[in-house]
$ cat coords.pdb   # PDB, C-alpha atoms
ATOM      1  CA  MET A   1      -1.964 -22.079 -70.170  1.00  0.00           C
ATOM      2  CA  SER A   2      -3.941 -19.376 -71.979  1.00  0.00           C
ATOM      3  CA  THR A   3      -5.344 -17.549 -68.969  1.00  0.00           C
ATOM      4  CA  LEU A   4      -5.065 -14.037 -67.595  1.00  0.00           C
ATOM      5  CA  LEU A   5      -1.504 -13.627 -66.366  1.00  0.00           C
ATOM      6  CA  PRO A   6      -0.288 -11.357 -63.578  1.00  0.00           C
ATOM      7  CA  THR A   7       1.137  -9.099 -66.290  1.00  0.00           C
ATOM      8  CA  GLY A   8      -2.395  -8.401 -67.551  1.00  0.00           C
ATOM      9  CA  LEU A   9      -2.148 -10.414 -70.748  1.00  0.00           C
ATOM     10  CA  PRO A  10      -5.616 -11.406 -71.970  1.00  0.00           C
ATOM     11  CA  THR A  11      -7.178 -14.764 -72.643  1.00  0.00           C
ATOM     12  CA  LEU A  12      -7.023 -15.216 -76.403  1.00  0.00           C
ATOM     13  CA  ASN A  13      -9.303 -16.903 -78.919  1.00  0.00           C
ATOM     14  CA  PHE A  14      -7.139 -20.033 -79.185  1.00  0.00           C
ATOM     15  CA  PRO A  15      -7.313 -23.419 -77.490  1.00  0.00           C
ATOM     16  CA  PRO A  16      -5.588 -23.437 -74.078  1.00  0.00           C
ATOM     17  CA  TYR A  17      -1.883 -24.228 -74.220  1.00  0.00           C
ATOM     18  CA  GLU A  18       0.723 -24.885 -71.557  1.00  0.00           C
ATOM     19  CA  PHE A  19       3.588 -22.459 -72.032  1.00  0.00           C
ATOM     20  CA  ARG A  20       6.962 -22.405 -70.334  1.00  0.00           C
ATOM     21  CA  ILE A  21       7.116 -18.963 -68.717  1.00  0.00           C
ATOM     22  CA  ARG A  22       9.723 -17.737 -66.282  1.00  0.00           C
ATOM     23  CA  GLU A  23      10.743 -14.530 -64.581  1.00  0.00           C
ATOM     24  CA  GLU A  24      14.097 -13.146 -65.580  1.00  0.00           C
ATOM     25  CA  ASN A  25      15.657  -9.773 -64.745  1.00  0.00           C
ATOM     26  CA  GLY A  26      12.344  -8.445 -63.429  1.00  0.00           C
ATOM     27  CA  GLY A  27      10.345  -9.407 -66.514  1.00  0.00           C
ATOM     28  CA  LEU A  28       8.566 -12.454 -67.868  1.00  0.00           C
ATOM     29  CA  LYS A  29       9.964 -14.610 -70.658  1.00  0.00           C
ATOM     30  CA  ILE A  30       8.199 -17.284 -72.675  1.00  0.00           C
ATOM     31  CA  PHE A  31       9.840 -20.240 -74.386  1.00  0.00           C
ATOM     32  CA  ASP A  32       9.555 -20.024 -78.168  1.00  0.00           C
ATOM     33  CA  LEU A  33       9.329 -23.496 -79.722  1.00  0.00           C
ATOM     34  CA  ALA A  34      10.529 -22.259 -83.129  1.00  0.00           C
ATOM     35  CA  ARG A  35      13.502 -20.209 -81.939  1.00  0.00           C
ATOM     36  CA  LYS A  36      14.223 -22.713 -79.139  1.00  0.00           C
ATOM     37  CA  LYS A  37      14.884 -20.009 -76.571  1.00  0.00           C
ATOM     38  CA  TYR A  38      13.166 -17.795 -74.026  1.00  0.00           C
ATOM     39  CA  VAL A  39      12.037 -14.412 -75.362  1.00  0.00           C
ATOM     40  CA  ALA A  40      10.476 -11.361 -73.697  1.00  0.00           C
ATOM     41  CA  LEU A  41       6.770 -11.892 -73.079  1.00  0.00           C
ATOM     42  CA  THR A  42       5.204  -8.848 -74.736  1.00  0.00           C
ATOM     43  CA  PRO A  43       1.526  -8.579 -75.724  1.00  0.00           C
ATOM     44  CA  GLU A  44       2.433  -9.281 -79.372  1.00  0.00           C
ATOM     45  CA  GLU A  45       4.662 -12.222 -78.373  1.00  0.00           C
ATOM     46  CA  TRP A  46       1.722 -13.644 -76.393  1.00  0.00           C
ATOM     47  CA  VAL A  47      -0.306 -13.741 -79.632  1.00  0.00           C
ATOM     48  CA  ARG A  48       2.633 -15.035 -81.693  1.00  0.00           C
ATOM     49  CA  GLN A  49       3.272 -17.950 -79.313  1.00  0.00           C
ATOM     50  CA  HIS A  50      -0.402 -18.927 -79.321  1.00  0.00           C
ATOM     51  CA  LEU A  51      -0.395 -18.929 -83.121  1.00  0.00           C
ATOM     52  CA  ILE A  52       2.793 -21.033 -83.234  1.00  0.00           C
ATOM     53  CA  TYR A  53       1.162 -23.640 -80.968  1.00  0.00           C
ATOM     54  CA  TYR A  54      -2.022 -23.516 -83.044  1.00  0.00           C
ATOM     55  CA  LEU A  55      -0.114 -24.020 -86.300  1.00  0.00           C
ATOM     56  CA  LYS A  56       1.738 -26.925 -84.683  1.00  0.00           C
ATOM     57  CA  GLU A  57      -1.644 -28.394 -83.704  1.00  0.00           C
ATOM     58  CA  LYS A  58      -2.717 -28.079 -87.378  1.00  0.00           C
ATOM     59  CA  GLY A  59       0.322 -30.136 -88.370  1.00  0.00           C
ATOM     60  CA  TYR A  60       2.740 -27.380 -89.425  1.00  0.00           C
ATOM     61  CA  PRO A  61       6.259 -28.590 -88.504  1.00  0.00           C
ATOM     62  CA  ILE A  62       8.046 -26.442 -85.927  1.00  0.00           C
ATOM     63  CA  GLY A  63      11.323 -27.161 -87.738  1.00  0.00           C
ATOM     64  CA  LEU A  64      10.022 -25.363 -90.840  1.00  0.00           C
ATOM     65  CA  MET A  65       8.874 -22.245 -88.950  1.00  0.00           C
ATOM     66  CA  MET A  66      10.863 -19.041 -88.832  1.00  0.00           C
ATOM     67  CA  VAL A  67       9.943 -16.342 -86.332  1.00  0.00           C
ATOM     68  CA  GLU A  68      10.633 -12.669 -87.001  1.00  0.00           C
ATOM     69  CA  LYS A  69      12.036 -13.558 -90.420  1.00  0.00           C
ATOM     70  CA  GLU A  70      13.983 -10.551 -91.672  1.00  0.00           C
ATOM     71  CA  PHE A  71      13.820  -9.430 -95.300  1.00  0.00           C
ATOM     72  CA  LYS A  72      14.354  -6.253 -97.345  1.00  0.00           C
ATOM     73  CA  TYR A  73      11.463  -4.199 -98.705  1.00  0.00           C
ATOM     74  CA  ASN A  74      12.324  -0.991-100.584  1.00  0.00           C
ATOM     75  CA  LYS A  75      15.817  -1.193 -99.076  1.00  0.00           C
ATOM     76  CA  LEU A  76      14.323  -1.231 -95.560  1.00  0.00           C
ATOM     77  CA  SER A  77      14.672  -4.131 -93.135  1.00  0.00           C
ATOM     78  CA  LYS A  78      11.292  -5.638 -92.275  1.00  0.00           C
ATOM     79  CA  ARG A  79      10.268  -8.716 -90.284  1.00  0.00           C
ATOM     80  CA  CYS A  80       7.483 -11.251 -90.755  1.00  0.00           C
ATOM     81  CA  ASP A  81       6.181 -12.578 -87.457  1.00  0.00           C
ATOM     82  CA  ILE A  82       5.939 -16.196 -88.627  1.00  0.00           C
ATOM     83  CA  VAL A  83       6.946 -17.806 -91.914  1.00  0.00           C
ATOM     84  CA  VAL A  84       6.432 -21.515 -92.594  1.00  0.00           C
ATOM     85  CA  CYS A  85       8.476 -23.013 -95.425  1.00  0.00           C
ATOM     86  CA  ASP A  86       8.440 -26.293 -97.293  1.00  0.00           C
ATOM     87  CA  ARG A  87      11.467 -28.579 -96.963  1.00  0.00           C
ATOM     88  CA  THR A  88      13.174 -26.843 -99.898  1.00  0.00           C
ATOM     89  CA  GLY A  89      13.030 -23.564 -97.976  1.00  0.00           C
ATOM     90  CA  ALA A  90      10.327 -21.949-100.122  1.00  0.00           C
ATOM     91  CA  PRO A  91       7.884 -19.883 -98.006  1.00  0.00           C
ATOM     92  CA  LEU A  92       4.327 -21.287 -97.953  1.00  0.00           C
ATOM     93  CA  LEU A  93       2.632 -19.351 -95.151  1.00  0.00           C
ATOM     94  CA  MET A  94       3.166 -15.935 -93.598  1.00  0.00           C
ATOM     95  CA  ALA A  95       1.518 -14.670 -90.413  1.00  0.00           C
ATOM     96  CA  GLU A  96       1.346 -11.132 -89.091  1.00  0.00           C
ATOM     97  CA  CYS A  97       0.553 -10.915 -85.374  1.00  0.00           C
ATOM     98  CA  LYS A  98      -0.649  -7.892 -83.465  1.00  0.00           C
ATOM     99  CA  SER A  99      -1.353  -7.528 -79.761  1.00  0.00           C
ATOM    100  CA  ALA A 100      -4.949  -8.131 -78.661  1.00  0.00           C
ATOM    101  CA  ASP A 101      -5.638  -4.406 -78.316  1.00  0.00           C
ATOM    102  CA  VAL A 102      -4.694  -3.700 -81.962  1.00  0.00           C
ATOM    103  CA  GLU A 103      -7.564  -4.027 -84.416  1.00  0.00           C
ATOM    104  CA  ILE A 104      -6.987  -5.970 -87.630  1.00  0.00           C
ATOM    105  CA  THR A 105      -7.700  -3.258 -90.195  1.00  0.00           C
ATOM    106  CA  GLN A 106      -7.219  -2.713 -93.896  1.00  0.00           C
ATOM    107  CA  GLY A 107      -3.862  -1.176 -92.991  1.00  0.00           C
ATOM    108  CA  VAL A 108      -2.722  -4.437 -91.373  1.00  0.00           C
ATOM    109  CA  PHE A 109      -3.902  -6.357 -94.444  1.00  0.00           C
ATOM    110  CA  ASP A 110      -2.035  -3.901 -96.699  1.00  0.00           C
ATOM    111  CA  GLN A 111       1.122  -4.373 -94.601  1.00  0.00           C
ATOM    112  CA  ALA A 112       0.892  -8.151 -95.110  1.00  0.00           C
ATOM    113  CA  LEU A 113       0.302  -7.662 -98.849  1.00  0.00           C
ATOM    114  CA  ARG A 114       3.465  -5.527 -99.096  1.00  0.00           C
ATOM    115  CA  TYR A 115       5.425  -8.200 -97.225  1.00  0.00           C
ATOM    116  CA  ASN A 116       4.051 -10.842 -99.544  1.00  0.00           C
ATOM    117  CA  LEU A 117       5.421  -9.020-102.589  1.00  0.00           C
ATOM    118  CA  ILE A 118       8.775 -10.285-101.295  1.00  0.00           C
ATOM    119  CA  MET A 119       7.747 -13.530 -99.515  1.00  0.00           C
ATOM    120  CA  ASP A 120       5.376 -14.822-102.250  1.00  0.00           C
ATOM    121  CA  VAL A 121       3.405 -17.198-100.012  1.00  0.00           C
ATOM    122  CA  GLN A 122       0.153 -19.021-100.745  1.00  0.00           C
ATOM    123  CA  LEU A 123      -1.367 -18.418 -97.293  1.00  0.00           C
ATOM    124  CA  MET A 124      -1.477 -15.246 -95.203  1.00  0.00           C
ATOM    125  CA  ILE A 125      -2.718 -15.105 -91.619  1.00  0.00           C
ATOM    126  CA  LEU A 126      -3.528 -11.946 -89.688  1.00  0.00           C
ATOM    127  CA  SER A 127      -4.245 -12.305 -85.976  1.00  0.00           C
ATOM    128  CA  ASN A 128      -4.532 -10.208 -82.855  1.00  0.00           C
ATOM    129  CA  GLY A 129      -5.305 -13.302 -80.801  1.00  0.00           C
ATOM    130  CA  ILE A 130      -8.999 -12.431 -80.698  1.00  0.00           C
ATOM    131  CA  ASN A 131      -9.752 -12.191 -84.417  1.00  0.00           C
ATOM    132  CA  HIS A 132      -7.980 -14.323 -87.011  1.00  0.00           C
ATOM    133  CA  PHE A 133      -8.102 -13.901 -90.764  1.00  0.00           C
ATOM    134  CA  CYS A 134      -6.637 -16.333 -93.283  1.00  0.00           C
ATOM    135  CA  PHE A 135      -6.280 -15.641 -96.995  1.00  0.00           C
ATOM    136  CA  GLN A 136      -5.178 -17.870 -99.845  1.00  0.00           C
ATOM    137  CA  LEU A 137      -3.599 -16.462-102.977  1.00  0.00           C
ATOM    138  CA  ASP A 138      -5.550 -17.116-106.164  1.00  0.00           C
ATOM    139  CA  LYS A 139      -2.662 -16.753-108.631  1.00  0.00           C
ATOM    140  CA  ALA A 140      -4.877 -17.083-111.705  1.00  0.00           C
ATOM    141  CA  ASN A 141      -6.914 -14.008-110.717  1.00  0.00           C
ATOM    142  CA  GLN A 142      -4.170 -12.275-108.695  1.00  0.00           C
ATOM    143  CA  THR A 143      -6.504 -11.933-105.712  1.00  0.00           C
ATOM    144  CA  TYR A 144      -6.741 -13.253-102.175  1.00  0.00           C
ATOM    145  CA  VAL A 145      -9.628 -15.454-101.110  1.00  0.00           C
ATOM    146  CA  ALA A 146     -10.714 -15.316 -97.477  1.00  0.00           C
ATOM    147  CA  LEU A 147     -10.786 -18.750 -95.844  1.00  0.00           C
ATOM    148  CA  THR A 148     -13.042 -19.684 -92.937  1.00  0.00           C
ATOM    149  CA  GLU A 149     -10.172 -21.390 -91.108  1.00  0.00           C
ATOM    150  CA  ILE A 150      -6.455 -22.032 -91.304  1.00  0.00           C
ATOM    151  CA  PRO A 151      -5.897 -25.129 -93.475  1.00  0.00           C
ATOM    152  CA  ILE A 152      -4.309 -28.259 -92.062  1.00  0.00           C
ATOM    153  CA  TRP A 153      -0.687 -28.886 -93.111  1.00  0.00           C
ATOM    154  CA  LYS A 154      -0.618 -31.074 -96.207  1.00  0.00           C
ATOM    155  CA  LYS A 155       1.840 -33.924 -96.242  1.00  0.00           C
ATOM    156  CA  GLU A 156       2.863 -33.034 -99.780  1.00  0.00           C
ATOM    157  CA  ASN A 157       4.328 -29.791 -98.342  1.00  0.00           C
ATOM    158  CA  VAL A 158       7.008 -31.781 -96.533  1.00  0.00           C
TER     159      VAL A 158
END
$ encode --input "coords.pdb" --output "structure tokens"
Amino acid sequence: MSTLLPTGLPTLNFPPYEFRIREENGGLKIFDLARKKYVALTPEEWVRQHLIYYLKEKGYPIGLMMVEKEFKYNKLSKRCDIVVCDRTGAPLLMAECKSADVEITQGVFDQALRYNLIMDVQLMILSNGINHFCFQLDKANQTYVALTEIPIWKKENV
């Protein structure tokens, strides 16, 4: 559930969820629905898992989500926190997660824009668990339009 944990992780601005958390080798691990395994529970992972559950609640299929999707940008390996694809494998949505103590700044937005030069998604989400920003690409004008909320998954995406 999304409450203050013994590790000091904050309550986030998401609905409450029941997570599978366990102690392992002196640290906490959380079960990742997309990767289907336990991963280290870091402050950024706390936000990422909340967003995965939220996207699932909005209808985005877990089976079409990739977490920490690796790609090359200027010959450097980079990772997107969450990428949701359609059933053909084309990326539709990209999310960049930061820990709750990291402000979502222009620099974070610029990072996502650079990633999207490679990913070419229609929707970008930036979240630190407290503040969430969602942008939709307006291809005709080559700009991003801020949305008031994350859209529901459309059946035609499947």
$ closest_residue --input "coords.pdb" --among "A:Ile62, A:Leu92, A:Ile104, A:Met119" --to "A:Cys80" --atoms "all atoms listed in the file"
A:Met119
$ resolve_selection --input "coords.pdb" --expression "the PyMOL selection byres ((chain A and resi 137) around 12)" --output "VMD selection string"
chain A and resid 92 to 94 113 116 to 117 120 to 125 134 to 136 138 to 147
$ closest_atom_pairs --input "coords.pdb" --of "stretch 26-143 of chain A" --to "stretch 8-18 of chain A" --cutoff "9 Å" --atoms "only C-alpha atoms" --output "CSV"
residue,atom,partner,partner_atom,distance
A:Thr42,CA,A:Leu9,CA,8.5
A:Pro43,CA,A:Leu9,CA,6.5
A:Trp46,CA,A:Leu9,CA,7.6
A:Val47,CA,A:Leu12,CA,7.6
A:His50,CA,A:Phe14,CA,6.8
A:Leu51,CA,A:Phe14,CA,7.9
A:Tyr53,CA,A:Tyr17,CA,7.4
A:Tyr54,CA,A:Phe14,CA,7.3
A:Ala100,CA,A:Pro10,CA,7.5
A:Asn128,CA,A:Leu12,CA,8.5
A:Gly129,CA,A:Leu12,CA,5.1
A:Ile130,CA,A:Asn13,CA,4.8
A:Asn131,CA,A:Asn13,CA,7.3
A:His132,CA,A:Asn13,CA,8.6
$ closest_residue --input "coords.pdb" --among "A:Glu44, A:Asp81, A:Tyr115, A:Phe19" --to "A:Asp101" --atoms "all atoms listed in the file"
A:Glu44
$ resolve_selection --input "coords.pdb" --expression "the PyMOL selection byres ((chain A and resi 27) around 12)" --output "ChimeraX atom specification"
/A:6-7,21-26,28-30,38-42
$ closest_residue --input "coords.pdb" --among "A:Cys97, A:Ala90, A:Val84, A:Val102" --to "A:Pro61" --atoms "all atoms listed in the file"
A:Val84
$ atom_distance --input "coords.pdb" --atom1 "atom CA of A:Glu57" --atom2 "atom CA of A:Asp32"
15.0 Å
$ atom_distance --input "coords.pdb" --atom1 "atom CA of A:Ala112" --atom2 "atom CA of A:Trp153"
20.9 Å
$ residues_around --input "coords.pdb" --residues "A:Leu64" --least-positions-apart "4" --cutoff "9 Å" --atoms "all atoms listed in the file" --output "list in words"
Ala34, Tyr60, Val83, Val84, Cys85, Asp86, Arg87 and Gly89 of chain A
$ atom_distance --input "coords.pdb" --atom1 "atom CA of A:Ser127" --atom2 "atom CA of A:Ser99"
8.4 Å
$ residues_around --input "coords.pdb" --residues "A:Leu33" --least-positions-apart "6" --cutoff "10 Å" --atoms "only C-alpha atoms" --output "list of chain:residue names"
A:Phe19, A:Arg20, A:Gln49, A:Ile52, A:Tyr53, A:Lys56, A:Ile62, A:Gly63, A:Met65, A:Val67
$ residues_around --input "coords.pdb" --residues "A:Leu126" --least-positions-apart "3" --cutoff "6 Å" --atoms "all atoms listed in the file" --output "PyMOL selection string"
chain A and resi 95-96+132-133
$ closest_residue --input "coords.pdb" --among "A:Lys58, A:Arg48, A:Lys98, A:Arg114" --to "A:Ile82" --atoms "only C-alpha atoms"
A:Arg48
